[in-house]
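Asker: Quick one: this structure, given as C-alpha coordinates, is what I'll be asking you about.
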Amino acid sequence: MKVHVKNWHAIAQWRWDTGASDVDDDGEGDVCGICRVPYEGCCPSCKMPGDDCPLIWGECSHVFHMHCLLQWISTSASKQQCPMDRRPWVTAERKVDANAAR
Amino acid sequence: MIKIWSMKKNEDAAAKRRPKTSAAQIRVQKDLTELELSSTMKTHFPDPTDLLNFTLTITPDEGMYKGGAFVFSVNINTNYPHEPPKVKCTQTIYHPNVDLEGNVCLNILREDWKPVLNLNSVLVGLQYLFLEPNADDPLNKDAAEELRKNREQFIQNVKTSMRGGNMRGVQYDKVIVQ
(Lines give C-alpha, C1' and ligand atoms only; values in the text may rest on other atoms or scores of the structure.)
Protein backbone atom coordinates (compact mmCIF):
# COMPACT_ATOMS: atom_id res chain seq x y z
CA MET A 1 0.00 0.00 0.00
CA LYS A 2 1.29 3.40 -0.88
CA VAL A 3 0.40 6.32 1.31
CA HIS A 4 0.60 9.82 0.10
CA VAL A 5 0.51 12.48 2.86
CA LYS A 6 -1.33 15.46 1.53
CA ASN A 7 -1.09 17.63 4.60
CA TRP A 8 -0.60 17.35 8.33
CA HIS A 9 -1.16 19.39 11.47
CA ALA A 10 1.50 19.58 14.14
CA ILE A 11 0.20 19.91 17.68
CA ALA A 12 2.39 21.01 20.55
CA GLN A 13 1.72 21.49 24.23
CA TRP A 14 3.75 23.54 26.65
CA ARG A 15 3.83 23.80 30.40
CA TRP A 16 5.87 25.77 32.91
CA ASP A 17 8.32 23.56 34.73
CA THR A 18 7.23 24.29 38.28
CA GLY A 19 8.89 21.25 39.78
CA ALA A 20 5.48 19.82 40.68
CA SER A 21 4.37 16.50 39.29
CA ASP A 22 3.01 16.84 35.78
CA VAL A 23 -0.69 16.61 36.49
CA ASP A 24 -2.65 16.91 39.69
CA ASP A 25 -5.01 14.26 41.01
CA ASP A 26 -7.91 16.13 39.46
CA GLY A 27 -6.22 16.06 36.08
CA GLU A 28 -5.75 19.82 35.96
CA GLY A 29 -2.57 21.78 36.23
CA ASP A 30 -1.74 23.93 39.21
CA VAL A 31 -3.21 27.39 39.60
CA CYS A 32 -1.69 30.65 40.80
CA GLY A 33 -2.75 31.05 44.44
CA ILE A 34 -3.50 34.74 43.95
CA CYS A 35 -5.72 34.87 40.84
CA ARG A 36 -6.60 31.13 40.79
CA VAL A 37 -5.95 30.97 37.05
CA PRO A 38 -3.73 28.07 35.87
CA TYR A 39 -0.02 28.86 35.64
CA GLU A 40 -0.26 28.20 31.91
CA GLY A 41 -2.98 30.81 31.63
CA CYS A 42 -2.14 34.42 32.30
CA CYS A 43 -2.72 36.87 35.12
CA PRO A 44 -5.94 38.94 34.92
CA SER A 45 -4.18 41.98 33.46
CA CYS A 46 -2.61 40.08 30.55
CA LYS A 47 -4.21 38.79 27.38
CA MET A 48 -1.66 36.22 26.21
CA PRO A 49 0.01 33.51 28.28
CA GLY A 50 3.66 32.68 27.84
CA ASP A 51 6.83 34.70 28.15
CA ASP A 52 4.92 37.99 28.49
CA CYS A 53 3.22 36.72 31.64
CA PRO A 54 5.87 34.58 33.30
CA LEU A 55 5.96 32.84 36.62
CA ILE A 56 8.07 33.88 39.58
CA TRP A 57 9.66 31.49 42.05
CA GLY A 58 10.40 32.30 45.68
CA GLU A 59 13.15 30.88 47.86
CA CYS A 60 10.29 29.44 49.91
CA SER A 61 9.42 27.26 46.86
CA HIS A 62 6.08 28.97 46.17
CA VAL A 63 5.22 29.94 42.62
CA PHE A 64 2.88 32.66 41.29
CA HIS A 65 2.24 34.62 38.14
CA MET A 66 4.92 37.29 38.31
CA HIS A 67 2.41 40.11 37.80
CA CYS A 68 0.13 38.80 40.57
CA LEU A 69 2.98 38.47 43.05
CA LEU A 70 4.47 41.88 42.22
CA GLN A 71 1.09 43.54 42.68
CA TRP A 72 0.77 41.96 46.11
CA ILE A 73 4.35 42.78 47.17
CA SER A 74 3.80 46.42 46.16
CA THR A 75 1.01 46.82 48.73
CA SER A 76 2.02 47.88 52.23
CA ALA A 77 -0.30 45.23 53.68
CA SER A 78 1.90 42.50 52.19
CA LYS A 79 4.85 43.42 54.46
CA GLN A 80 6.88 41.96 51.58
CA GLN A 81 5.87 38.47 52.62
CA CYS A 82 5.01 35.41 50.58
CA PRO A 83 1.18 35.16 50.50
CA MET A 84 1.39 31.45 51.21
CA ASP A 85 3.66 31.17 54.23
CA ARG A 86 4.31 34.82 55.30
CA ARG A 87 8.06 34.33 55.09
CA PRO A 88 9.89 37.35 53.68
CA TRP A 89 9.62 37.10 49.89
CA VAL A 90 12.97 36.37 48.24
CA THR A 91 12.86 35.72 44.53
CA ALA A 92 14.76 32.57 43.68
CA GLU A 93 17.36 32.71 40.92
CA ARG A 94 15.70 29.84 39.15
CA LYS A 95 13.20 27.30 40.29
CA VAL A 96 14.04 25.69 43.59
CA ASP A 97 15.03 22.06 43.24
CA ALA A 98 11.82 20.09 43.63
CA ASN A 99 13.51 17.36 45.64
CA ALA A 100 15.20 19.78 48.01
CA ALA A 101 11.95 21.66 48.62
CA ARG A 102 10.07 18.60 49.73
CA MET B 1 -33.91 34.50 6.22
CA ILE B 2 -31.86 35.13 9.32
CA LYS B 3 -29.89 38.28 9.06
CA ILE B 4 -26.58 37.05 10.35
CA TRP B 5 -24.72 40.27 9.77
CA SER B 6 -27.13 42.41 11.68
CA MET B 7 -27.14 39.84 14.49
CA LYS B 8 -23.39 40.04 14.68
CA LYS B 9 -23.55 43.82 14.71
CA ASN B 10 -25.98 43.73 17.62
CA GLU B 11 -23.69 41.38 19.48
CA ASP B 12 -20.73 43.66 19.00
CA ALA B 13 -22.74 46.61 20.24
CA ALA B 14 -23.83 44.63 23.30
CA ALA B 15 -20.24 43.67 24.06
CA LYS B 16 -19.26 47.31 23.94
CA ARG B 17 -22.03 48.34 26.31
CA ARG B 18 -21.24 45.58 28.79
CA PRO B 19 -18.57 46.73 31.24
CA LYS B 20 -15.38 44.70 31.09
CA THR B 21 -15.29 41.91 33.64
CA SER B 22 -12.75 42.93 36.24
CA ALA B 23 -10.07 40.72 37.75
CA ALA B 24 -11.92 40.90 41.06
CA GLN B 25 -15.14 39.64 39.46
CA ILE B 26 -13.36 36.71 37.84
CA ARG B 27 -11.73 35.77 41.11
CA VAL B 28 -14.99 36.14 43.08
CA GLN B 29 -16.76 33.95 40.52
CA LYS B 30 -14.18 31.22 41.18
CA ASP B 31 -14.47 31.70 44.95
CA LEU B 32 -18.25 31.38 44.81
CA THR B 33 -18.16 28.12 42.87
CA GLU B 34 -15.79 26.71 45.49
CA LEU B 35 -17.89 27.95 48.40
CA GLU B 36 -18.82 25.20 50.82
CA LEU B 37 -21.69 26.64 52.78
CA SER B 38 -22.82 24.70 55.81
CA SER B 39 -26.50 24.66 56.73
CA THR B 40 -25.81 27.47 59.21
CA MET B 41 -24.77 29.96 56.53
CA LYS B 42 -26.75 31.51 53.69
CA THR B 43 -25.76 34.06 51.11
CA HIS B 44 -28.18 36.44 49.42
CA PHE B 45 -27.46 38.51 46.34
CA PRO B 46 -29.84 41.50 46.25
CA ASP B 47 -28.67 42.19 42.69
CA PRO B 48 -27.88 38.83 41.04
CA THR B 49 -25.71 40.53 38.42
CA ASP B 50 -23.52 42.07 41.12
CA LEU B 51 -21.34 39.37 42.65
CA LEU B 52 -19.29 41.88 44.61
CA ASN B 53 -22.01 42.87 47.07
CA PHE B 54 -24.05 40.37 49.03
CA THR B 55 -25.31 39.53 52.49
CA LEU B 56 -24.45 36.56 54.63
CA THR B 57 -26.75 35.20 57.32
CA ILE B 58 -25.22 33.03 60.03
CA THR B 59 -27.56 30.96 62.20
CA PRO B 60 -25.32 29.18 64.73
CA ASP B 61 -26.62 25.72 65.69
CA GLU B 62 -24.49 25.49 68.82
CA GLY B 63 -22.79 27.72 71.34
CA MET B 64 -24.13 30.72 73.21
CA TYR B 65 -25.38 32.45 70.05
CA LYS B 66 -27.54 29.47 69.03
CA GLY B 67 -31.02 30.49 67.91
CA GLY B 68 -29.99 33.83 66.46
CA ALA B 69 -29.74 34.93 62.84
CA PHE B 70 -26.87 37.34 62.26
CA VAL B 71 -26.80 39.27 59.02
CA PHE B 72 -23.57 40.62 57.56
CA SER B 73 -22.98 42.73 54.50
CA VAL B 74 -20.02 41.69 52.37
CA ASN B 75 -18.57 44.27 49.98
CA ILE B 76 -15.71 43.32 47.71
CA ASN B 77 -13.79 46.09 45.99
CA THR B 78 -12.02 45.88 42.65
CA ASN B 79 -8.65 45.34 44.33
CA TYR B 80 -9.74 41.91 45.57
CA PRO B 81 -7.90 39.61 46.27
CA HIS B 82 -5.17 42.10 47.11
CA GLU B 83 -7.50 43.72 49.62
CA PRO B 84 -9.82 41.79 51.94
CA PRO B 85 -13.62 41.98 51.55
CA LYS B 86 -15.30 44.58 53.74
CA VAL B 87 -17.60 42.84 56.18
CA LYS B 88 -20.07 44.54 58.52
CA CYS B 89 -22.75 43.25 60.83
CA THR B 90 -26.02 44.92 59.86
CA GLN B 91 -27.52 44.55 63.35
CA THR B 92 -26.65 45.93 66.76
CA ILE B 93 -25.39 42.86 68.61
CA TYR B 94 -23.61 42.09 71.88
CA HIS B 95 -20.34 40.42 70.94
CA PRO B 96 -16.76 41.09 72.12
CA ASN B 97 -15.43 41.14 68.55
CA VAL B 98 -18.22 43.19 66.94
CA ASP B 99 -18.76 46.81 67.93
CA LEU B 100 -22.15 48.51 68.12
CA GLU B 101 -21.71 49.97 64.62
CA GLY B 102 -21.24 46.46 63.23
CA ASN B 103 -17.47 46.57 62.63
CA VAL B 104 -15.97 43.12 62.92
CA CYS B 105 -12.61 42.29 64.47
CA LEU B 106 -11.29 39.24 62.68
CA ASN B 107 -7.57 38.96 61.95
CA ILE B 108 -7.94 37.73 58.36
CA LEU B 109 -10.19 40.71 57.54
CA ARG B 110 -7.43 43.08 58.61
CA GLU B 111 -3.73 42.61 59.26
CA ASP B 112 -3.57 38.91 58.44
CA TRP B 113 -5.31 39.08 55.06
CA LYS B 114 -3.39 37.57 52.15
CA PRO B 115 -4.55 37.07 48.58
CA VAL B 116 -4.38 33.28 48.71
CA LEU B 117 -7.29 33.34 51.16
CA ASN B 118 -10.77 33.18 49.64
CA LEU B 119 -14.38 33.86 50.54
CA ASN B 120 -14.63 30.46 52.18
CA SER B 121 -11.88 31.43 54.66
CA VAL B 122 -13.73 34.64 55.49
CA LEU B 123 -17.10 32.95 56.00
CA VAL B 124 -15.63 30.19 58.13
CA GLY B 125 -13.77 32.82 60.18
CA LEU B 126 -17.00 34.74 60.79
CA GLN B 127 -18.86 31.62 61.81
CA TYR B 128 -16.05 30.79 64.24
CA LEU B 129 -16.54 34.14 66.02
CA PHE B 130 -19.99 32.98 67.12
CA LEU B 131 -18.74 29.64 68.40
CA GLU B 132 -15.71 31.07 70.18
CA PRO B 133 -16.06 34.77 71.04
CA ASN B 134 -12.57 36.04 71.73
CA ALA B 135 -12.00 38.36 74.72
CA ASP B 136 -8.36 39.06 73.93
CA ASP B 137 -8.81 41.36 70.96
CA PRO B 138 -12.09 43.15 71.66
CA LEU B 139 -14.01 45.80 69.78
CA ASN B 140 -16.76 45.83 72.40
CA LYS B 141 -14.70 46.21 75.59
CA ASP B 142 -17.67 45.83 77.98
CA ALA B 143 -18.65 42.52 76.43
CA ALA B 144 -15.06 41.27 76.46
CA GLU B 145 -14.62 42.27 80.11
CA GLU B 146 -17.79 40.41 81.04
CA LEU B 147 -16.74 37.29 79.09
CA ARG B 148 -13.38 37.23 80.86
CA LYS B 149 -14.65 37.93 84.39
CA ASN B 150 -18.01 36.25 84.54
CA ARG B 151 -18.81 33.83 81.75
CA GLU B 152 -22.24 32.97 83.17
CA GLN B 153 -23.26 36.65 83.27
CA PHE B 154 -21.91 37.09 79.74
CA ILE B 155 -24.08 34.24 78.48
CA GLN B 156 -27.10 35.86 80.19
CA ASN B 157 -26.24 39.18 78.52
CA VAL B 158 -26.01 37.48 75.14
CA LYS B 159 -29.48 35.99 75.66
CA THR B 160 -30.93 39.33 76.75
CA SER B 161 -29.38 41.13 73.76
CA MET B 162 -30.57 38.51 71.28
CA ARG B 163 -34.16 38.96 72.51
CA GLY B 164 -33.87 42.63 71.64
CA GLY B 165 -33.19 43.76 75.19
CA ASN B 166 -31.76 46.99 76.47
CA MET B 167 -28.53 46.91 78.50
CA ARG B 168 -26.57 49.89 79.84
CA GLY B 169 -28.59 52.19 77.65
CA VAL B 170 -27.91 50.22 74.47
CA GLN B 171 -30.88 48.93 72.53
CA TYR B 172 -29.95 45.63 70.85
CA ASP B 173 -31.64 44.20 67.78
CA LYS B 174 -33.86 41.16 68.14
CA VAL B 175 -32.09 38.41 66.25
CA ILE B 176 -33.91 35.33 67.57
CA VAL B 177 -35.46 33.22 64.81
CA GLN B 178 -38.76 31.27 65.07
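Ordering of the C-alpha coordinates sets the chain letters (A, B, ...), residue numbers begin anew at 1 in every chain, and ligands are numbered from 1 in the order given.
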Report as JSON, numbers by chain the set of chain A residues whose atoms approach chain B to within 9 Å, with distances computed over only C-alpha atoms.
Answerer: {"A": [32, 33, 34, 35, 36, 37, 43, 44, 45, 71, 72, 75, 77, 78, 82, 83, 84, 86]}
Asker: Just all heavy atoms for this one: save the residues we selected as a short mmCIF file (atom, residue, chain, number, x, y, z; two decimals), in the first residue's frame.
Answerer:
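Contents of selection-v2.cif, as written:
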```cif
data_model
loop_
_atom_site.label_atom_id
_atom_site.label_comp_id
_atom_site.auth_asym_id
_atom_site.auth_seq_id
_atom_site.Cartn_x
_atom_site.Cartn_y
_atom_site.Cartn_z
N CYS A 32 -2.32 29.58 40.02
CA CYS A 32 -1.69 30.65 40.80
C CYS A 32 -2.57 30.90 42.03
O CYS A 32 -3.77 31.07 41.90
CB CYS A 32 -1.58 31.91 39.95
SG CYS A 32 -1.16 33.40 40.86
N GLY A 33 -1.97 30.90 43.20
CA GLY A 33 -2.75 31.05 44.44
C GLY A 33 -3.41 32.40 44.56
O GLY A 33 -4.34 32.57 45.33
N ILE A 34 -2.94 33.39 43.81
CA ILE A 34 -3.50 34.74 43.95
C ILE A 34 -4.72 34.92 43.04
O ILE A 34 -5.79 35.26 43.50
CB ILE A 34 -2.41 35.80 43.66
CG1 ILE A 34 -1.31 35.68 44.72
CG2 ILE A 34 -3.02 37.19 43.63
CD1 ILE A 34 -0.12 36.59 44.51
N CYS A 35 -4.58 34.64 41.74
CA CYS A 35 -5.72 34.87 40.84
C CYS A 35 -6.49 33.58 40.56
O CYS A 35 -7.57 33.63 39.99
CB CYS A 35 -5.25 35.49 39.53
SG CYS A 35 -4.18 34.39 38.57
N ARG A 36 -5.95 32.44 40.97
CA ARG A 36 -6.60 31.13 40.79
C ARG A 36 -6.73 30.73 39.32
O ARG A 36 -7.55 29.88 38.97
CB ARG A 36 -7.99 31.07 41.45
CG ARG A 36 -7.98 31.45 42.90
CD ARG A 36 -7.52 30.29 43.74
NE ARG A 36 -7.16 30.77 45.07
CZ ARG A 36 -7.57 30.22 46.19
NH1 ARG A 36 -8.31 29.16 46.15
NH2 ARG A 36 -7.20 30.72 47.33
N VAL A 37 -5.98 31.36 38.46
CA VAL A 37 -5.95 30.97 37.05
C VAL A 37 -4.75 30.03 36.88
O VAL A 37 -3.73 30.23 37.53
CB VAL A 37 -5.80 32.22 36.15
CG1 VAL A 37 -5.58 31.83 34.70
CG2 VAL A 37 -7.01 33.12 36.29
N CYS A 43 -2.15 36.10 34.03
CA CYS A 43 -2.72 36.87 35.12
C CYS A 43 -3.86 37.73 34.56
O CYS A 43 -3.93 37.95 33.35
CB CYS A 43 -1.65 37.73 35.78
SG CYS A 43 -1.32 39.28 34.90
N PRO A 44 -4.76 38.24 35.43
CA PRO A 44 -5.94 38.94 34.92
C PRO A 44 -5.64 40.18 34.09
O PRO A 44 -6.48 40.62 33.32
CB PRO A 44 -6.70 39.32 36.20
CG PRO A 44 -6.20 38.38 37.23
CD PRO A 44 -4.78 38.08 36.88
N SER A 45 -4.44 40.75 34.23
CA SER A 45 -4.18 41.98 33.46
C SER A 45 -3.52 41.69 32.12
O SER A 45 -3.28 42.62 31.36
CB SER A 45 -3.33 42.94 34.29
OG SER A 45 -2.24 42.27 34.86
N GLN A 71 2.17 42.65 42.23
CA GLN A 71 1.09 43.54 42.68
C GLN A 71 0.87 43.42 44.18
O GLN A 71 0.66 44.41 44.87
CB GLN A 71 -0.21 43.22 41.92
CG GLN A 71 -1.29 44.27 42.18
CD GLN A 71 -2.62 43.90 41.57
OE1 GLN A 71 -2.71 42.96 40.76
NE2 GLN A 71 -3.66 44.62 41.95
N TRP A 72 0.94 42.18 44.67
CA TRP A 72 0.77 41.96 46.11
C TRP A 72 1.94 42.55 46.89
O TRP A 72 1.75 43.27 47.87
CB TRP A 72 0.64 40.46 46.38
CG TRP A 72 0.78 40.07 47.82
CD1 TRP A 72 1.74 39.26 48.35
CD2 TRP A 72 -0.08 40.43 48.92
NE1 TRP A 72 1.54 39.13 49.70
CE2 TRP A 72 0.44 39.82 50.07
CE3 TRP A 72 -1.22 41.24 49.02
CZ2 TRP A 72 -0.15 39.98 51.33
CZ3 TRP A 72 -1.80 41.40 50.28
CH2 TRP A 72 -1.27 40.77 51.41
N THR A 75 1.92 46.26 47.73
CA THR A 75 1.01 46.82 48.73
C THR A 75 1.70 46.83 50.09
O THR A 75 2.53 45.96 50.37
CB THR A 75 -0.29 45.99 48.86
OG1 THR A 75 0.06 44.69 49.36
CG2 THR A 75 -1.00 45.83 47.53
N ALA A 77 0.27 46.29 52.86
CA ALA A 77 -0.30 45.23 53.68
C ALA A 77 0.48 43.92 53.54
O ALA A 77 0.43 43.07 54.42
CB ALA A 77 -1.76 45.00 53.29
N SER A 78 1.20 43.77 52.43
CA SER A 78 1.90 42.50 52.19
C SER A 78 3.10 42.34 53.12
O SER A 78 3.54 41.22 53.36
CB SER A 78 2.39 42.43 50.75
OG SER A 78 3.51 43.27 50.57
N CYS A 82 5.64 36.37 51.49
CA CYS A 82 5.01 35.41 50.58
C CYS A 82 3.56 35.22 51.02
O CYS A 82 3.30 35.01 52.20
CB CYS A 82 5.75 34.07 50.64
SG CYS A 82 4.85 32.75 49.80
N PRO A 83 2.59 35.30 50.10
CA PRO A 83 1.18 35.16 50.50
C PRO A 83 0.83 33.76 51.00
O PRO A 83 -0.19 33.58 51.63
CB PRO A 83 0.39 35.48 49.22
CG PRO A 83 1.37 35.78 48.17
CD PRO A 83 2.75 35.55 48.67
N MET A 84 1.68 32.80 50.74
CA MET A 84 1.39 31.45 51.21
C MET A 84 1.85 31.25 52.65
O MET A 84 1.08 30.81 53.50
CB MET A 84 2.09 30.41 50.33
CG MET A 84 1.41 30.16 49.01
SD MET A 84 -0.14 29.28 49.21
CE MET A 84 -0.60 29.09 47.49
N ARG A 86 3.94 33.60 54.56
CA ARG A 86 4.31 34.82 55.30
C ARG A 86 5.79 34.90 55.63
O ARG A 86 6.21 35.65 56.50
CB ARG A 86 3.50 34.95 56.60
CG ARG A 86 2.01 35.12 56.34
CD ARG A 86 1.35 35.97 57.42
NE ARG A 86 -0.04 36.20 57.09
CZ ARG A 86 -1.02 35.40 57.46
NH1 ARG A 86 -0.76 34.35 58.19
NH2 ARG A 86 -2.26 35.66 57.13
#
```
Asker: What residues in chain B get the DSSP label strand (DSSP E or B)? Please answer as a VMD selection string.
Answerer: chain B and resid 41 to 44 53 to 58 68 70 to 75 86 to 89 95 98 103 to 104 166 to 167 170 to 171 176
Asker: Which residues are near Met66 in chain A? Cut-off 9 Å, only C-alpha atoms, ignore same chain within fewer than 6 positions. Put them as a PDB file with N, CA, C and O atoms, in the first residue's frame.
Answerer:
```
ATOM      1  N   CYS A  43      -2.147  36.100  34.025  1.00  0.00           N
ATOM      2  CA  CYS A  43      -2.719  36.872  35.117  1.00  0.00           C
ATOM      3  C   CYS A  43      -3.858  37.734  34.558  1.00  0.00           C
ATOM      4  O   CYS A  43      -3.934  37.948  33.348  1.00  0.00           O
ATOM      5  N   CYS A  53       3.840  36.806  30.309  1.00  0.00           N
ATOM      6  CA  CYS A  53       3.217  36.718  31.637  1.00  0.00           C
ATOM      7  C   CYS A  53       3.857  35.530  32.358  1.00  0.00           C
ATOM      8  O   CYS A  53       3.227  34.492  32.531  1.00  0.00           O
ATOM      9  N   PRO A  54       5.116  35.708  32.768  1.00  0.00           N
ATOM     10  CA  PRO A  54       5.874  34.585  33.300  1.00  0.00           C
ATOM     11  C   PRO A  54       5.532  34.267  34.748  1.00  0.00           C
ATOM     12  O   PRO A  54       4.779  35.003  35.397  1.00  0.00           O
ATOM     13  N   LEU A  55       6.109  33.198  35.215  1.00  0.00           N
ATOM     14  CA  LEU A  55       5.965  32.837  36.622  1.00  0.00           C
ATOM     15  C   LEU A  55       7.151  33.391  37.395  1.00  0.00           C
ATOM     16  O   LEU A  55       8.175  33.762  36.831  1.00  0.00           O
ATOM     17  N   ILE A  56       6.975  33.448  38.718  1.00  0.00           N
ATOM     18  CA  ILE A  56       8.072  33.880  39.585  1.00  0.00           C
ATOM     19  C   ILE A  56       8.188  32.863  40.721  1.00  0.00           C
ATOM     20  O   ILE A  56       7.182  32.408  41.251  1.00  0.00           O
ATOM     21  N   TRP A  57       9.428  32.480  41.005  1.00  0.00           N
ATOM     22  CA  TRP A  57       9.663  31.490  42.054  1.00  0.00           C
ATOM     23  C   TRP A  57      10.240  32.184  43.276  1.00  0.00           C
ATOM     24  O   TRP A  57      11.076  33.089  43.147  1.00  0.00           O
TER      25      TRP A  57
END
```
Asker: Could you pull the residues within 12 Å of Glu93 in chain A, counting only C-alpha atoms, minus those fewer than 4 positions along the same chain, as a PyMOL selection string?
Answerer: chain A and resi 56-61+97
Asker: Pick the closest to Trp89 in chain A from A:Phe64, A:Pro38, A:Ile73, A:Lys47: which is it, counting only C-alpha atoms?
Answerer: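 Of all the options, A:Ile73 lies closest to Trp89 in chain A.
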Asker: How far is it from CA of His62 in chain A to CA of Glu40 in chain A, in Å with one decimal?
Answerer: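 Atom-to-atom, CA of His62 in chain A to CA of Glu40 in chain A, that is 15.6 Å.
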Asker: I need the residues of chain A that end up classed as helix (DSSP H, G or I) by DSSP on the backbone, written out as a count of residues only.
Answerer: 15
Asker: With only C-alpha atoms as the atoms that count, which of B:Met64, B:Val71, B:Val124, B:Leu147 lies nearest to His44 in chain B?
Answerer: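 Ranking B:Met64, B:Val71, B:Val124, B:Leu147 by distance to His44 in chain B, first place goes to B:Val71.
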Asker: Tell me, as a VMD selection string, which residues lie within 10 Å of Ile155 in chain B, counting only C-alpha atoms; anything in the same chain fewer than 3 positions away does not count.
Answerer: chain B and resid 63 to 65 146 to 147 150 to 152 158 to 161
